[in-house]
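What follows is a single structure, written as structure tokens, with notes after it.
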Amino acid sequence: MGLFKSREKKAEDKRQEAVDRLRDFDPAIRPGGVFVVKLLMREKCDMPCPQRMQDVLSRHLGRIESIGDQDEKGFRGYAALDYMAGFSDREVPVQLCVLDCQPFDGGQIDEMQRSQMWDCQGERDRILSECKYAVLANDMLGGGLQTQVRANMLMDYVEALLELFPSCEAVLCHNSGKMIMADEIRSSAGEGLNRYIRFCVNVRLFNINGTSDHVIDTLGLSLLYVEDLQYHFHGMDPNWVVNHAYNMASYILNNNCPIKDGDTIDGIAEGNLAQDIQWKCHFEDALVGPARTVLDVCMGEYAAGNRQ
């Protein structure tokens with residue numbers, strides 16, 4: 001009897017540890033959390049009429065059912081009936097929410113956040129200065145979807161939003177800090193999961209003061225129950241590592257997170273993937289916030305920091 005109680009206690013402790021760890025996550029990157037984007041624009045825009053919203057969302061996402069009073073100002077809500085979120089006791093449709101256009105203050109985005117907006121650096125300051133309004137959109141209950149299903153749904157949702165709000169100039173992903181020009185998304189011929197990597201996952205670069213070391217990591221994967229990547233290194237062109245991070249993120253998302261603790265992956269030689277160079281991966285705490293578990297890639301002779 002005592003042995004069974006001990007086992008039950010250990011299992012309970014593990015469950016509580018997992019719950020406590022989840023509470024410690026920044027809400028923006030919490031696994032299974034709410035996906036949030038801001039559609040940035042110069043002038044305040046009106047919300048499309050309910051029928052227009054229904055038509056466009058249905059074309060991109062399948063069966064859609066409105067939630068609440070569609071004439072209510074400030075909010076539109078929809079149930080995505082083809083995306084049923086599974087929970088322990090029931091299945092419910094994912095909800096999609098769009099808020100009225102509101103004032104936006106780009107000055108609230110600090111220099112550190114701006115410095116990691118690599119995809120629109122030439123337009124970044126202009127966008128944050130000239131775009132005075134934003135439409136905020138999010139999903140609810142999306143964490144109950146399978147990883148790949150949710151990634152595709154979110155990108156279909158973003159594409160629908162850009163059709164509904166043609167004056168949008170840039171999309172700011174709250175979960176990763178990535179900002180990308182709206183027309184780049186509109187003109188993209190990409191399909192499938194790589195859209196999420198391209199438009200919502202941010203690969204960040206940090207230089208370590210007083211050293212020649214760099215840290216490159218990703219932000220945006222953890223929302224999908226996928227660990228972000230991290231590289232701590234010196235002596236290699238950071239652009240090569242950025243490309244490696246995007247390729248690895250794509251591989252991991254497209255193959256249902258196949259990399260386990262202690263596995264090896266192809267390294268880099270002269271900027272290209274090289275099968276004869278193998279880098280070992282381990283799950284570790286992130287070196288750069290927000291606090292989260294990352295898949296750290298030990299880059300062999302280029303690795304920096306104290307490693308076992």
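Residues are referred to by chain and number: the chain letter is A, B, ... according to the order shown in the structure tokens, the number counts from 1 in that chain, and ligands are numbered separately from 1 in the order shown.
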Write out as a tab-separated table the residues of stretch 253-305 of chain A that have any atom within 9 Å of an atom of stretch 212-235 of chain A, one row each with the nearest atom pair and its distance in Å to one decimal, counting only C-alpha atoms, sorted by chain and then rising number.
```
residue	atom	partner	partner_atom	distance
A:Leu253	CA	A:Val226	CA	7.7
A:Asn256	CA	A:Val226	CA	8.7
A:Cys257	CA	A:Val226	CA	6.8
A:Phe283	CA	A:Glu227	CA	8.3
A:Ala286	CA	A:Gln230	CA	7.4
A:Leu287	CA	A:Val215	CA	8.0
A:Val288	CA	A:Val215	CA	8.1
A:Pro290	CA	A:Leu219	CA	8.9
A:Arg292	CA	A:Glu227	CA	8.2
A:Thr293	CA	A:Glu227	CA	6.3
A:Val294	CA	A:Asp228	CA	4.8
A:Leu295	CA	A:Leu229	CA	4.8
A:Asp296	CA	A:Gln230	CA	4.7
A:Val297	CA	A:Tyr231	CA	5.4
A:Cys298	CA	A:Tyr231	CA	6.9
A:Met299	CA	A:Phe233	CA	6.8
A:Glu301	CA	A:Gly235	CA	8.8
A:Tyr302	CA	A:Phe233	CA	5.4
A:Ala303	CA	A:Phe233	CA	4.4
A:Ala304	CA	A:Phe233	CA	4.5
A:Gly305	CA	A:His232	CA	7.0
```
Go ahead and save the residues from that selection, with N, CA, C and O atoms, as an mmCIF file, in the first residue's frame.
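Saved file again-v9.cif follows:
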```cif
data_model
loop_
_atom_site.group_PDB
_atom_site.id
_atom_site.type_symbol
_atom_site.label_atom_id
_atom_site.label_comp_id
_atom_site.auth_asym_id
_atom_site.auth_seq_id
_atom_site.Cartn_x
_atom_site.Cartn_y
_atom_site.Cartn_z
ATOM 1 N N LEU A 253 8.749 21.360 -37.690
ATOM 2 C CA LEU A 253 7.301 21.548 -37.766
ATOM 3 C C LEU A 253 6.673 20.610 -38.791
ATOM 4 O O LEU A 253 5.600 20.046 -38.558
ATOM 5 N N ASN A 256 6.591 16.756 -37.322
ATOM 6 C CA ASN A 256 6.041 16.453 -36.003
ATOM 7 C C ASN A 256 7.113 16.283 -34.930
ATOM 8 O O ASN A 256 7.137 15.287 -34.189
ATOM 9 N N CYS A 257 8.019 17.230 -34.870
ATOM 10 C CA CYS A 257 9.020 17.308 -33.791
ATOM 11 C C CYS A 257 9.807 16.004 -33.628
ATOM 12 O O CYS A 257 9.740 15.358 -32.575
ATOM 13 N N PHE A 283 17.841 19.652 -24.772
ATOM 14 C CA PHE A 283 16.849 20.590 -24.252
ATOM 15 C C PHE A 283 17.427 21.313 -23.046
ATOM 16 O O PHE A 283 17.925 20.680 -22.107
ATOM 17 N N ALA A 286 16.418 28.618 -21.898
ATOM 18 C CA ALA A 286 16.866 29.636 -22.844
ATOM 19 C C ALA A 286 17.874 30.586 -22.215
ATOM 20 O O ALA A 286 17.742 30.972 -21.045
ATOM 21 N N LEU A 287 18.880 30.968 -22.993
ATOM 22 C CA LEU A 287 19.865 31.952 -22.535
ATOM 23 C C LEU A 287 19.298 33.365 -22.558
ATOM 24 O O LEU A 287 19.689 34.209 -21.763
ATOM 25 N N VAL A 288 18.396 33.632 -23.506
ATOM 26 C CA VAL A 288 17.805 34.959 -23.672
ATOM 27 C C VAL A 288 16.293 34.839 -23.479
ATOM 28 O O VAL A 288 15.664 33.932 -24.024
ATOM 29 N N PRO A 290 12.189 35.553 -23.621
ATOM 30 C CA PRO A 290 11.461 35.086 -22.435
ATOM 31 C C PRO A 290 11.863 33.682 -22.004
ATOM 32 O O PRO A 290 12.332 32.887 -22.819
ATOM 33 N N ARG A 292 11.953 29.962 -21.262
ATOM 34 C CA ARG A 292 11.291 28.833 -21.905
ATOM 35 C C ARG A 292 12.315 27.735 -22.119
ATOM 36 O O ARG A 292 13.520 27.975 -22.044
ATOM 37 N N THR A 293 11.856 26.537 -22.399
ATOM 38 C CA THR A 293 12.743 25.446 -22.768
ATOM 39 C C THR A 293 13.036 25.542 -24.262
ATOM 40 O O THR A 293 12.128 25.765 -25.067
ATOM 41 N N VAL A 294 14.303 25.383 -24.624
ATOM 42 C CA VAL A 294 14.707 25.446 -26.023
ATOM 43 C C VAL A 294 15.470 24.187 -26.395
ATOM 44 O O VAL A 294 16.005 23.485 -25.525
ATOM 45 N N LEU A 295 15.530 23.916 -27.689
ATOM 46 C CA LEU A 295 16.386 22.858 -28.205
ATOM 47 C C LEU A 295 17.718 23.516 -28.564
ATOM 48 O O LEU A 295 17.828 24.211 -29.580
ATOM 49 N N ASP A 296 18.722 23.331 -27.695
ATOM 50 C CA ASP A 296 20.022 23.958 -27.894
ATOM 51 C C ASP A 296 20.865 23.113 -28.841
ATOM 52 O O ASP A 296 21.012 21.901 -28.658
ATOM 53 N N VAL A 297 21.415 23.762 -29.863
ATOM 54 C CA VAL A 297 22.236 23.088 -30.868
ATOM 55 C C VAL A 297 23.701 23.375 -30.558
ATOM 56 O O VAL A 297 24.151 24.518 -30.631
ATOM 57 N N CYS A 298 24.432 22.338 -30.188
ATOM 58 C CA CYS A 298 25.861 22.472 -29.891
ATOM 59 C C CYS A 298 26.637 22.378 -31.193
ATOM 60 O O CYS A 298 26.701 21.312 -31.830
ATOM 61 N N MET A 299 27.261 23.482 -31.597
ATOM 62 C CA MET A 299 27.838 23.605 -32.937
ATOM 63 C C MET A 299 29.295 23.139 -33.010
ATOM 64 O O MET A 299 30.121 23.722 -33.734
ATOM 65 N N GLU A 301 33.001 22.647 -33.017
ATOM 66 C CA GLU A 301 34.149 23.529 -32.814
ATOM 67 C C GLU A 301 33.744 25.000 -32.720
ATOM 68 O O GLU A 301 34.522 25.834 -32.248
ATOM 69 N N TYR A 302 32.531 25.334 -33.150
ATOM 70 C CA TYR A 302 32.057 26.712 -33.096
ATOM 71 C C TYR A 302 31.235 27.013 -31.840
ATOM 72 O O TYR A 302 30.793 28.136 -31.639
ATOM 73 N N ALA A 303 31.025 26.005 -31.018
ATOM 74 C CA ALA A 303 30.173 26.162 -29.837
ATOM 75 C C ALA A 303 30.827 27.086 -28.815
ATOM 76 O O ALA A 303 32.044 27.062 -28.616
ATOM 77 N N ALA A 304 30.013 27.895 -28.162
ATOM 78 C CA ALA A 304 30.485 28.800 -27.108
ATOM 79 C C ALA A 304 29.809 28.438 -25.796
ATOM 80 O O ALA A 304 28.824 27.689 -25.757
ATOM 81 N N GLY A 305 30.326 28.971 -24.697
ATOM 82 C CA GLY A 305 29.727 28.714 -23.398
ATOM 83 C C GLY A 305 30.263 27.448 -22.760
ATOM 84 O O GLY A 305 31.057 26.706 -23.352
#
```
Exercise for review: Output as a PyMOL selection string all residues of stretch 82-190 of chain A that backbone DSSP marks as strand (DSSP E).
Suggested key: chain A and resi 82-86+91-99+102-103+133-140+170-173+178-181
Exercise for review: Pick out the residues sitting within 10 Å of A:Asn239, and hand them over as a PyMOL selection string; count only C-alpha atoms, and ignore anything fewer than 3 positions along from it in its own chain.
Suggested key: chain A and resi 205+216+236+242-245+271
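Ranking A:Ser167, A:Gln113, A:Asn272, A:Thr147 by their shortest atom-to-atom distance to A:Gly289, with only C-alpha atoms included, puts A:Gln113 first.
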Check your understanding: Among stretch 8-239 of chain A, which ones does DSSP place in helix (DSSP H, G or I), written as number ranges by chain?
Key -> A: 8-24, 50-61, 106-108, 111-115, 118-130, 142-144, 147-164, 182-186, 194-200, 222-224, 238-239
Review point. Smallest atom-to-atom distance to A:Phe104: which of A:Glu270, A:Glu123, A:Asp82, A:Glu130, using only C-alpha atoms?
Key: A:Glu130
Exercise for review: Write out as a list of chain:residue names which residues come within 10 Å of A:Leu164 when counting only C-alpha atoms, dropping same-chain ones fewer than 6 positions away.
Suggested key: A:Met47, A:Pro48, A:Cys49, A:Arg52, A:Met53, A:Asp55, A:Val56, A:Leu57, A:Val158
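Considering only C-alpha atoms, the residue among A:His60, A:Arg114, A:Arg186, A:Lys38 positioned nearest to A:Leu136 is A:Lys38.
With only C-alpha atoms taken into account, the protein and nucleic acid residues at most 12 Å from A:Glu43 (excluding it and anything under 5 positions from it in its own chain) are Cys101, Gln102, Pro103, Phe104, Glu130, Cys131, Lys132, Tyr133, Ala134, Val135, Phe165, Pro166, Ser167, Cys168 and Glu169 of chain A.
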Convert the current residue selection to file output with N, CA and C atoms, as a JSON list (two decimals), in the first residue's frame.
```json
[["chain", "number", "residue", "atom", "x", "y", "z"],
["A", 101, "CYS", "N", -10.91, 48.56, -35.11],
["A", 101, "CYS", "CA", -9.69, 49.33, -35.30],
["A", 101, "CYS", "C", -9.52, 50.33, -34.16],
["A", 102, "GLN", "N", -8.32, 50.31, -33.55],
["A", 102, "GLN", "CA", -8.04, 51.16, -32.39],
["A", 102, "GLN", "C", -6.71, 51.89, -32.60],
["A", 103, "PRO", "N", -6.49, 52.99, -31.86],
["A", 103, "PRO", "CA", -5.20, 53.69, -31.96],
["A", 103, "PRO", "C", -4.04, 52.77, -31.61],
["A", 104, "PHE", "N", -2.93, 52.96, -32.32],
["A", 104, "PHE", "CA", -1.72, 52.16, -32.10],
["A", 104, "PHE", "C", -0.55, 53.11, -31.92],
["A", 130, "GLU", "N", 4.32, 55.87, -38.78],
["A", 130, "GLU", "CA", 3.21, 56.34, -39.59],
["A", 130, "GLU", "C", 1.91, 55.58, -39.35],
["A", 131, "CYS", "N", 2.00, 54.33, -38.95],
["A", 131, "CYS", "CA", 0.78, 53.54, -38.73],
["A", 131, "CYS", "C", 0.24, 53.84, -37.33],
["A", 132, "LYS", "N", -0.83, 54.60, -37.31],
["A", 132, "LYS", "CA", -1.40, 55.07, -36.06],
["A", 132, "LYS", "C", -2.57, 54.22, -35.57],
["A", 133, "TYR", "N", -2.96, 53.20, -36.35],
["A", 133, "TYR", "CA", -4.11, 52.38, -35.98],
["A", 133, "TYR", "C", -3.79, 50.90, -36.21],
["A", 134, "ALA", "N", -4.53, 50.07, -35.50],
["A", 134, "ALA", "CA", -4.33, 48.62, -35.63],
["A", 134, "ALA", "C", -5.64, 47.89, -35.37],
["A", 135, "VAL", "N", -5.82, 46.80, -36.09],
["A", 135, "VAL", "CA", -6.89, 45.84, -35.83],
["A", 135, "VAL", "C", -6.26, 44.64, -35.15],
["A", 165, "PHE", "N", -9.02, 43.44, -44.70],
["A", 165, "PHE", "CA", -8.50, 44.77, -44.34],
["A", 165, "PHE", "C", -7.40, 45.17, -45.32],
["A", 166, "PRO", "N", -7.78, 45.61, -46.52],
["A", 166, "PRO", "CA", -6.80, 45.90, -47.58],
["A", 166, "PRO", "C", -5.89, 47.07, -47.26],
["A", 167, "SER", "N", -6.24, 47.93, -46.31],
["A", 167, "SER", "CA", -5.38, 49.06, -45.97],
["A", 167, "SER", "C", -4.27, 48.69, -44.99],
["A", 168, "CYS", "N", -4.24, 47.44, -44.55],
["A", 168, "CYS", "CA", -3.19, 46.99, -43.64],
["A", 168, "CYS", "C", -1.85, 47.04, -44.35],
["A", 169, "GLU", "N", -0.86, 47.67, -43.72],
["A", 169, "GLU", "CA", 0.48, 47.79, -44.30],
["A", 169, "GLU", "C", 1.47, 46.78, -43.75]]
```
Practice item. Rank nothing, just name the residue among A:Gly144, A:Pro31, A:Gly262, A:Gly68 nearest to A:Met84, using only C-alpha atoms. Key: A:Gly144
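The spacing separating atom CA of A:Ala182 from atom CA of A:Val34 amounts to 21.2 Å.
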Exercise for review: Quick one: everything within 7 Å of A:Gly267, counting only C-alpha atoms, minus sequence neighbours fewer than 6 positions away in the same chain. Send it as a ChimeraX atom specification.
Suggested key: /A:273-275,277-279
Practice item. Identify which of the residues A:Tyr157, A:Gly106, A:Gln116, A:Cys45 lies closest to A:Val94, counting only C-alpha atoms when measuring atom-to-atom distances. Key: A:Tyr157
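The smallest atom-to-atom distance between A:Ser115 and any of A:Gln148, A:Ser58, A:Ser188, A:Asn202, using only C-alpha atoms, is found for A:Asn202.
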Exercise for review: Would you mind listing what lies within 12 Å of A:Val92 as a list in words, with only C-alpha atoms counted and same-chain residues fewer than 6 positions away left out?
Suggested key: Ala79, Ala80, Leu81, Asp82, Tyr83, Met84, Ala85, Gly86, Met140, Leu141, Gly142, Gly143, Gly144 and Leu145 of chain A
